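Visitor: One file is attached below, coords.tsv, containing TSV, C-alpha atoms.
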```
chain	number	residue	atom	x	y	z
A	21	MET	CA	-69.35	87.28	47.30
A	22	PRO	CA	-68.44	85.18	44.20
A	23	ASN	CA	-65.42	86.18	42.19
A	24	HIS	CA	-66.54	86.93	38.62
A	25	ARG	CA	-63.07	87.80	37.31
A	26	LYS	CA	-62.18	85.82	34.20
A	27	HIS	CA	-59.01	83.73	33.88
A	28	PRO	CA	-56.28	86.00	32.45
A	29	TYR	CA	-55.91	83.74	29.37
A	30	ALA	CA	-59.61	83.12	28.84
A	31	ARG	CA	-59.71	85.29	25.74
A	32	TYR	CA	-57.28	82.90	23.98
A	33	ALA	CA	-59.39	79.80	24.57
A	34	ALA	CA	-61.34	80.21	21.38
A	35	GLN	CA	-58.25	80.97	19.28
A	36	ILE	CA	-55.51	78.55	20.46
A	37	PRO	CA	-56.02	74.75	20.39
A	38	ARG	CA	-55.25	72.64	23.43
A	39	PRO	CA	-51.78	71.04	23.47
A	40	ALA	CA	-51.60	67.72	21.64
A	41	HIS	CA	-51.15	64.53	23.65
A	42	PRO	CA	-47.44	63.63	23.70
A	43	GLU	CA	-48.09	60.11	22.39
A	44	ALA	CA	-51.71	59.29	21.56
A	45	ARG	CA	-53.65	60.39	18.46
A	46	ASN	CA	-57.35	60.37	17.76
A	47	GLU	CA	-56.68	59.07	14.25
A	48	PRO	CA	-53.65	56.82	13.65
A	49	LEU	CA	-51.17	57.73	10.95
A	50	PRO	CA	-51.12	55.51	7.84
A	51	TRP	CA	-47.91	53.69	8.86
A	52	GLN	CA	-49.19	52.82	12.32
A	53	ARG	CA	-50.93	49.70	11.03
A	54	PRO	CA	-49.79	47.17	8.44
A	55	LYS	CA	-51.33	46.78	5.04
A	56	PRO	CA	-54.52	44.75	5.57
A	57	ALA	CA	-55.07	41.32	4.06
A	58	ALA	CA	-58.25	42.66	2.46
A	59	GLU	CA	-56.08	44.69	0.12
A	60	ASP	CA	-53.41	42.00	-0.41
A	61	PRO	CA	-53.80	38.52	1.17
A	62	LEU	CA	-50.00	38.01	1.20
A	63	ALA	CA	-49.19	41.41	2.74
A	64	PRO	CA	-49.38	40.46	6.49
A	65	ALA	CA	-46.94	37.55	6.07
A	66	ARG	CA	-44.57	39.70	4.07
A	67	VAL	CA	-44.64	42.42	6.70
A	68	GLN	CA	-43.85	39.85	9.40
A	69	ARG	CA	-40.81	38.62	7.46
A	70	ILE	CA	-39.58	42.20	7.20
A	71	LEU	CA	-40.08	42.81	10.91
A	72	GLN	CA	-38.17	39.62	11.75
A	73	SER	CA	-35.26	40.37	9.42
A	74	PRO	CA	-31.97	41.18	11.20
A	75	SER	CA	-31.57	44.21	8.97
A	76	TYR	CA	-34.68	45.76	10.54
A	77	ARG	CA	-33.26	45.73	14.08
A	78	GLU	CA	-32.05	49.03	15.46
A	79	ALA	CA	-28.25	48.90	15.44
A	80	ASP	CA	-27.82	49.44	19.20
A	81	ARG	CA	-30.20	46.52	19.89
A	82	ASP	CA	-28.77	44.14	17.31
A	83	GLY	CA	-26.44	41.85	19.23
A	84	ASP	CA	-25.43	39.89	16.15
A	85	PHE	CA	-24.37	43.06	14.34
A	86	LEU	CA	-22.53	44.46	17.37
A	87	ASN	CA	-20.56	41.21	17.66
A	88	ARG	CA	-19.24	41.34	14.09
A	89	ALA	CA	-15.55	41.88	13.46
A	90	GLU	CA	-16.32	45.19	11.74
A	91	THR	CA	-17.90	46.64	14.88
A	92	ARG	CA	-15.02	45.79	17.24
A	93	GLY	CA	-14.11	49.47	17.52
A	94	ILE	CA	-17.58	50.28	18.85
A	95	ARG	CA	-17.40	47.43	21.35
A	96	LEU	CA	-14.02	48.65	22.57
A	97	GLN	CA	-15.46	52.12	23.10
A	98	ILE	CA	-18.48	51.01	25.10
A	99	ASP	CA	-16.45	48.43	27.06
A	100	TYR	CA	-14.37	51.38	28.27
A	101	LEU	CA	-17.14	53.94	28.52
A	102	LYS	CA	-19.76	52.15	30.63
A	103	PRO	CA	-17.52	51.56	33.68
A	104	GLN	CA	-15.96	55.00	33.25
A	105	VAL	CA	-19.31	56.79	33.35
A	106	LEU	CA	-20.68	54.76	36.26
A	107	LEU	CA	-17.50	55.04	38.34
A	108	GLU	CA	-17.54	58.80	37.81
A	109	GLU	CA	-21.20	58.93	38.83
A	110	GLU	CA	-20.31	57.05	42.03
A	111	GLY	CA	-17.50	59.51	42.76
A	112	ILE	CA	-14.74	56.87	42.57
A	113	ARG	CA	-11.43	58.63	42.06
A	114	GLU	CA	-8.81	56.56	43.94
A	115	THR	CA	-8.47	52.80	44.33
A	116	ILE	CA	-6.21	50.24	45.97
A	117	VAL	CA	-6.02	47.29	43.56
A	118	VAL	CA	-5.72	43.78	45.03
A	119	PHE	CA	-4.79	40.70	42.97
A	120	GLY	CA	-4.30	37.09	44.01
A	121	SER	CA	-5.26	33.53	43.31
A	122	THR	CA	-8.90	32.53	42.89
A	123	ARG	CA	-7.88	29.10	44.24
A	124	ILE	CA	-6.91	30.22	47.76
A	125	PRO	CA	-10.10	29.76	49.80
A	126	GLU	CA	-10.94	30.86	53.30
A	127	PRO	CA	-9.32	28.61	55.94
A	128	ALA	CA	-12.48	26.68	56.88
A	129	ALA	CA	-13.14	25.75	53.25
A	130	ALA	CA	-9.50	24.79	52.73
A	131	GLN	CA	-9.56	22.57	55.81
A	132	ALA	CA	-12.78	20.88	54.70
A	133	ARG	CA	-11.18	20.08	51.35
A	134	VAL	CA	-8.14	18.54	53.04
A	135	ASP	CA	-10.33	16.48	55.34
A	136	THR	CA	-12.37	15.15	52.42
A	137	LEU	CA	-9.29	14.18	50.44
A	138	ARG	CA	-7.61	12.63	53.48
A	139	ALA	CA	-10.61	10.37	53.98
A	140	ALA	CA	-10.60	9.43	50.30
A	141	LEU	CA	-6.87	8.71	50.40
A	142	GLU	CA	-7.24	6.49	53.45
A	143	ALA	CA	-9.76	4.45	51.47
A	144	ALA	CA	-7.48	4.27	48.40
A	145	PRO	CA	-3.85	4.72	49.56
A	146	ALA	CA	-2.41	3.47	46.25
A	147	ASP	CA	-4.14	6.18	44.19
A	148	SER	CA	-1.22	8.40	43.09
A	149	ALA	CA	-3.46	11.03	41.46
A	150	LEU	CA	-5.46	11.34	44.68
A	151	ARG	CA	-2.25	11.69	46.67
A	152	ARG	CA	-1.13	14.56	44.42
A	153	ARG	CA	-4.49	16.31	44.92
A	154	PHE	CA	-4.18	15.84	48.67
A	155	GLY	CA	-0.70	17.38	48.65
A	156	THR	CA	-1.95	20.37	46.65
A	157	ALA	CA	-4.89	20.79	49.03
A	158	GLU	CA	-2.51	20.84	52.00
A	159	ARG	CA	-0.41	23.55	50.38
A	160	LEU	CA	-3.52	25.60	49.64
A	161	LEU	CA	-4.57	25.18	53.26
A	162	ALA	CA	-1.22	26.62	54.33
A	163	LYS	CA	-1.74	29.57	51.96
A	164	SER	CA	-5.32	30.13	53.16
A	165	ARG	CA	-3.85	32.41	55.82
A	166	TYR	CA	-3.46	34.94	53.01
A	167	TYR	CA	-7.26	35.00	52.69
A	168	GLU	CA	-7.41	36.41	56.21
A	169	VAL	CA	-4.59	38.86	55.46
A	170	ALA	CA	-6.42	40.13	52.36
A	171	ARG	CA	-9.68	40.39	54.30
A	172	GLU	CA	-8.04	42.40	57.07
A	173	PHE	CA	-6.36	44.64	54.50
A	174	GLY	CA	-9.76	45.24	52.89
A	175	ARG	CA	-11.06	46.31	56.29
A	176	LEU	CA	-8.18	48.77	56.75
A	177	VAL	CA	-8.69	50.38	53.36
A	178	GLY	CA	-12.47	50.37	53.74
A	179	ALA	CA	-12.32	51.97	57.19
A	180	ALA	CA	-9.95	54.66	55.92
A	181	GLY	CA	-11.97	55.46	52.82
A	182	ASP	CA	-15.02	57.65	52.44
A	183	HIS	CA	-18.17	55.58	52.99
A	184	GLY	CA	-20.29	58.42	51.66
A	185	GLY	CA	-19.01	58.08	48.11
A	186	GLY	CA	-17.04	61.31	48.21
A	187	GLY	CA	-14.02	59.93	46.43
A	188	GLY	CA	-12.01	58.28	49.21
A	189	LEU	CA	-9.92	55.17	48.71
A	190	VAL	CA	-11.88	52.14	47.49
A	191	VAL	CA	-10.74	48.52	47.20
A	192	MET	CA	-10.77	47.22	43.62
A	193	THR	CA	-10.35	43.55	42.65
A	194	GLY	CA	-11.09	41.27	39.75
A	195	GLY	CA	-14.37	40.43	41.45
A	196	GLY	CA	-13.77	36.68	41.64
A	197	PRO	CA	-13.33	34.20	44.49
A	198	GLY	CA	-10.26	33.51	46.64
A	199	ILE	CA	-8.01	36.43	47.49
A	200	MET	CA	-10.18	38.89	45.55
A	201	GLU	CA	-13.24	37.80	47.51
A	202	ALA	CA	-11.33	38.29	50.74
A	203	ALA	CA	-10.39	41.91	49.93
A	204	ASN	CA	-13.94	42.79	48.88
A	205	ARG	CA	-15.25	41.01	51.97
A	206	GLY	CA	-13.03	43.02	54.28
A	207	ALA	CA	-14.39	46.28	52.86
A	208	HIS	CA	-17.92	44.88	53.18
A	209	ASP	CA	-17.21	44.02	56.85
A	210	VAL	CA	-16.81	47.72	57.69
A	211	GLY	CA	-19.68	48.95	55.51
A	212	ALA	CA	-17.45	50.34	52.78
A	213	LYS	CA	-17.99	50.15	49.03
A	214	SER	CA	-15.67	48.05	46.89
A	215	ILE	CA	-15.27	47.39	43.17
A	216	GLY	CA	-15.10	44.18	41.15
A	217	LEU	CA	-14.02	43.99	37.52
A	218	ASN	CA	-15.18	40.64	36.11
A	219	ILE	CA	-14.38	39.42	32.60
A	220	ASN	CA	-16.53	37.56	30.08
A	221	LEU	CA	-15.16	34.01	29.77
A	222	PRO	CA	-16.25	31.00	27.67
A	223	HIS	CA	-17.52	29.25	30.82
A	224	GLU	CA	-19.93	30.62	33.40
A	225	GLN	CA	-18.51	32.60	36.29
A	226	TYR	CA	-20.00	34.47	39.22
A	227	PRO	CA	-18.82	37.58	41.04
A	228	ASN	CA	-18.08	37.14	44.71
A	229	PRO	CA	-20.98	38.24	46.93
A	230	TYR	CA	-19.11	41.06	48.69
A	231	VAL	CA	-18.65	43.45	45.76
A	232	THR	CA	-20.91	46.51	45.90
A	233	PRO	CA	-23.62	45.66	43.31
A	234	GLU	CA	-23.53	49.01	41.51
A	235	LEU	CA	-19.72	48.77	41.33
A	236	CYS	CA	-19.46	45.31	39.81
A	237	PHE	CA	-18.64	45.36	36.09
A	238	LYS	CA	-18.29	42.68	33.43
A	239	PHE	CA	-15.82	43.35	30.62
A	240	HIS	CA	-15.61	41.81	27.17
A	241	TYR	CA	-11.97	42.75	26.56
A	242	PHE	CA	-9.05	42.02	28.90
A	243	ALA	CA	-7.29	45.14	27.63
A	244	LEU	CA	-10.06	47.49	28.75
A	245	ARG	CA	-10.33	45.71	32.09
A	246	LYS	CA	-6.57	46.19	32.59
A	247	LEU	CA	-6.94	49.88	31.74
A	248	HIS	CA	-9.59	50.37	34.41
A	249	PHE	CA	-7.49	48.53	36.98
A	250	LEU	CA	-4.77	51.16	36.63
A	251	LEU	CA	-6.67	54.36	35.79
A	252	ARG	CA	-7.42	55.22	39.41
A	253	ALA	CA	-4.88	52.99	41.20
A	254	ARG	CA	-2.92	54.51	44.08
A	255	ALA	CA	-1.30	51.17	44.91
A	256	LEU	CA	-1.21	47.57	43.69
A	257	VAL	CA	-1.12	44.67	46.14
A	258	ALA	CA	-0.33	41.21	44.73
A	259	PHE	CA	-0.94	38.11	46.83
A	260	PRO	CA	0.27	34.65	45.77
A	261	GLY	CA	-1.39	33.77	42.48
A	262	GLY	CA	-1.07	32.23	39.06
A	263	PHE	CA	-1.11	33.39	35.45
A	264	GLY	CA	-3.73	36.11	35.97
A	265	THR	CA	-1.94	37.60	38.95
A	266	PHE	CA	1.40	37.48	37.12
A	267	ASP	CA	-0.17	39.11	34.07
A	268	GLU	CA	-1.51	42.10	35.99
A	269	LEU	CA	1.58	42.43	38.18
A	270	PHE	CA	4.14	42.40	35.39
A	271	GLU	CA	2.13	44.76	33.23
A	272	ALA	CA	2.07	47.26	36.10
A	273	LEU	CA	5.80	46.77	36.75
A	274	THR	CA	6.57	47.31	33.06
A	275	LEU	CA	4.49	50.50	32.91
A	276	VAL	CA	6.17	51.90	36.01
A	277	GLN	CA	9.64	50.76	34.86
A	278	THR	CA	9.21	52.61	31.57
A	279	ARG	CA	7.45	55.54	33.31
A	280	GLU	CA	4.43	55.12	31.06
A	281	ILE	CA	2.51	55.56	34.29
A	282	LYS	CA	3.45	57.44	37.43
A	283	PRO	CA	5.29	55.25	39.97
A	284	MET	CA	3.09	53.89	42.74
A	285	PRO	CA	3.46	51.39	45.58
A	286	ILE	CA	3.58	47.77	44.39
A	287	VAL	CA	3.50	45.28	47.25
A	288	LEU	CA	4.11	41.53	46.93
A	289	VAL	CA	2.51	39.69	49.84
A	290	GLY	CA	4.30	36.50	50.88
A	291	GLU	CA	8.03	36.94	50.33
A	292	GLU	CA	8.82	33.21	50.39
A	293	TYR	CA	6.26	32.52	47.66
A	294	TRP	CA	7.32	35.37	45.42
A	295	ARG	CA	11.06	34.73	45.73
A	296	ARG	CA	10.52	31.13	44.66
A	297	ALA	CA	8.07	32.05	41.89
A	298	VAL	CA	10.15	34.88	40.39
A	299	ASN	CA	13.92	35.14	40.73
A	300	ILE	CA	14.37	38.88	40.36
A	301	ASP	CA	18.04	38.72	41.41
A	302	PHE	CA	18.69	36.29	38.56
A	303	LEU	CA	17.11	38.72	36.09
A	304	VAL	CA	19.39	41.50	37.37
A	305	GLU	CA	22.47	39.28	37.17
A	306	GLU	CA	21.57	38.29	33.62
A	307	GLY	CA	21.37	41.94	32.66
A	308	VAL	CA	17.76	41.79	31.40
A	309	ILE	CA	16.60	44.30	34.03
A	310	GLU	CA	18.53	46.94	35.98
A	311	ALA	CA	19.37	46.77	39.68
A	312	GLU	CA	17.14	49.79	40.30
A	313	ASP	CA	14.16	47.79	39.02
A	314	ARG	CA	14.29	45.78	42.25
A	315	GLU	CA	13.17	48.98	43.97
A	316	LEU	CA	9.87	49.12	42.09
A	317	PHE	CA	8.23	46.83	44.67
A	318	TRP	CA	8.68	45.41	48.15
A	319	TYR	CA	7.49	42.43	50.19
A	320	ALA	CA	5.04	42.31	53.10
A	321	GLU	CA	3.40	39.64	55.23
A	322	THR	CA	0.57	41.23	57.21
A	323	ALA	CA	-2.27	43.60	56.45
A	324	HIS	CA	-0.77	46.30	58.66
A	325	GLU	CA	2.62	45.96	56.96
A	326	ILE	CA	0.96	46.44	53.58
A	327	TRP	CA	-1.09	49.44	54.68
A	328	ASP	CA	1.64	51.17	56.65
A	329	GLY	CA	4.12	50.55	53.82
A	330	ILE	CA	1.83	52.22	51.31
A	331	ARG	CA	1.33	55.22	53.57
A	332	TYR	CA	5.09	55.48	54.22
A	333	TRP	CA	5.82	55.32	50.46
A	334	TYR	CA	3.52	58.28	49.83
A	335	ALA	CA	4.94	60.26	52.73
A	336	ALA	CA	8.46	59.62	51.39
A	337	SER	CA	7.41	60.72	47.93
A	338	GLY	CA	6.22	64.06	49.28
A	339	GLU	CA	2.66	63.25	48.29
A	340	PRO	CA	0.91	61.85	51.38
A	341	LEU	CA	-1.86	59.38	50.76
A	342	VAL	CA	-4.96	61.39	51.58
A	343	VAL	CA	-7.94	59.51	53.02
A	344	ALA	CA	-11.38	60.93	53.62
A	345	ARG	CA	-11.92	59.49	57.10
A	346	SER	CA	-9.68	59.24	60.13
A	347	GLU	CA	-7.32	56.32	59.74
A	348	PRO	CA	-7.78	53.31	62.01
A	349	GLU	CA	-5.56	53.50	65.08
A	350	ALA	CA	-4.39	49.91	64.61
A	351	ALA	CA	-2.90	50.78	61.24
A	352	SER	CA	-0.45	53.19	62.79
A	353	GLY	CA	0.93	50.72	65.29
```
Output the structure of this file as structure tokens.
Guide:
Amino acid sequence: MPNHRKHPYARYAAQIPRPAHPEARNEPLPWQRPKPAAEDPLAPARVQRILQSPSYREADRDGDFLNRAETRGIRLQIDYLKPQVLLEEEGIRETIVVFGSTRIPEPAAAQARVDTLRAALEAAPADSALRRRFGTAERLLAKSRYYEVAREFGRLVGAAGDHGGGGGLVVMTGGGPGIMEAANRGAHDVGAKSIGLNINLPHEQYPNPYVTPELCFKFHYFALRKLHFLLRARALVAFPGGFGTFDELFEALTLVQTREIKPMPIVLVGEEYWRRAVNIDFLVEEGVIEAEDRELFWYAETAHEIWDGIRYWYAASGEPLVVARSEPEAASG
């Protein structure tokens, strides 16, 4: 038997108009089309000049305006805010920061470079510039062992962290090649996320392929990049490196020395390199730093020494380093 009951709102159908379409109109509004040439032959060209004028661009889409000196404050804000928001969305709360030279390649690449230069030098033994390059390549080959140490350390941190994005420890690097690549690669080896903080430079650069895509950021300002390196850092690990590594290391040491930030583990990997590169004892003897400042860092050689040293430091501080997953058995050996 058919149901003849009316819709409960049927009585309003004749009184209330249907909802308007959220975008379309049956009749366009006057400003939805330009003044026609039939009314003024010069009007279309004038309208086009207005539309193409920089002043007509919306401010947030006007790159030229945003790059003016007067808008530097806005750029500083968004350079900080974008990574902050996205890292929070990904649940990143604690990081282990790894620095080191971009020029220290993986051993196979270092060996290939030495072999190429050796062959070139055999063909031109009197070339002094080539001989210097060969000597440098040999020294980089010797240091390429640190690539493997950084990679293994990345594995240890990645295996101990929370792969589900719940806020466990995450490796953070500058996102470039060399030692940074190795640390990101180690995390990638065990299926863990890792972070890369690239910087905008005058020449083209590429992030290393092992950074988690949604956690790779490109900064305009070094200062904001430095801030994000330390905001979530639970430890800083510095491998042999040059100006960039020294810059980040000494800024962290200064902030801890002055207690502008809470003390944290700072590990220098490769004691022989660091003792030759920086004579800390000389600085103490000269009175420009205090003897206690030597205790702000320590040296390590292997991935397990780095990792176990960091965990020991936190245990000694009364604030154990909490990880989301069970720690790898090898790390406790």
Visitor: Quick one: which range 63-134 of chain A residues come within 10 Å of range 207-223 of chain A, and what is the nearest atom pair for each with the distance in Å to one decimal, counting only C-alpha atoms, rows ordered by chain and ascending number, as CSV?
Guide:
```
residue,atom,partner,partner_atom,distance
A:Pro103,CA,A:Leu217,CA,9.2
A:Leu107,CA,A:Ile215,CA,9.3
A:Ile112,CA,A:Ile215,CA,9.5
A:Thr115,CA,A:Ile215,CA,8.8
A:Ile116,CA,A:Ser214,CA,9.8
A:Val117,CA,A:Ile215,CA,9.3
```
Visitor: Quick check, in Å to one decimal: how far apart do CA of Ala258 in chain A and CA of Gly120 in chain A lie?
Guide: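 Result for CA of Ala258 in chain A versus CA of Gly120 in chain A: 5.8 Å, one decimal.
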Visitor: Compare A:Asp147, A:Asp99, A:Glu201, A:Glu142 by their minimum atom-to-atom distance to Arg245 in chain A, counting all atoms listed in the file, and give me the closest one.
Guide: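 Checking each candidate against Arg245 in chain A, we get A:Asp99 as the closest.
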Visitor: May I ask which of the residues A:Pro145, A:Ala311, A:Val257, A:Thr265 is the closest one to Leu288 in chain A, counting only C-alpha atoms?
Guide: A:Val257
Visitor: Report, in Å to a single decimal, how far apart CA of Phe249 in chain A and CA of Thr91 in chain A are.
Guide: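 It comes out at 24.5 Å.
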Visitor: So, counting only C-alpha atoms, which residue among A:Gly188, A:Pro260, A:Pro39, A:Gly181 is closest to Gly111 in chain A?
Guide: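 The closest residue to Gly111 in chain A is A:Gly188.
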Visitor: Set the distance at 12 Å and use all atoms listed in the file: which residues neighbour Glu268 in chain A once local chain neighbours fewer than 5 positions away are removed? I'd like the list as a list in words.
Guide: Val117, Val118, Phe119, Gly120, Ser121, Thr193, Gly194, Phe242, Ala243, Arg245, Lys246, Leu247, His248, Phe249, Leu250, Leu256, Val257, Ala258, Phe259, Gly261, Gly262, Phe263, Leu273, Thr274, Leu275 and Ile286 of chain A
Visitor: Point out the residue among A:Ala129, A:Ile326, A:Val191, A:Leu176 with the least atom-to-atom distance to Val287 in chain A, counting only C-alpha atoms.
Guide: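 Nearest to Val287 in chain A: A:Ile326.
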Visitor: Could you please determine the separation between CA of Ala157 in chain A and CA of Arg205 in chain A in Å, to one decimal place?
Guide: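 Rounded to one decimal, the two atoms are 22.9 Å apart.
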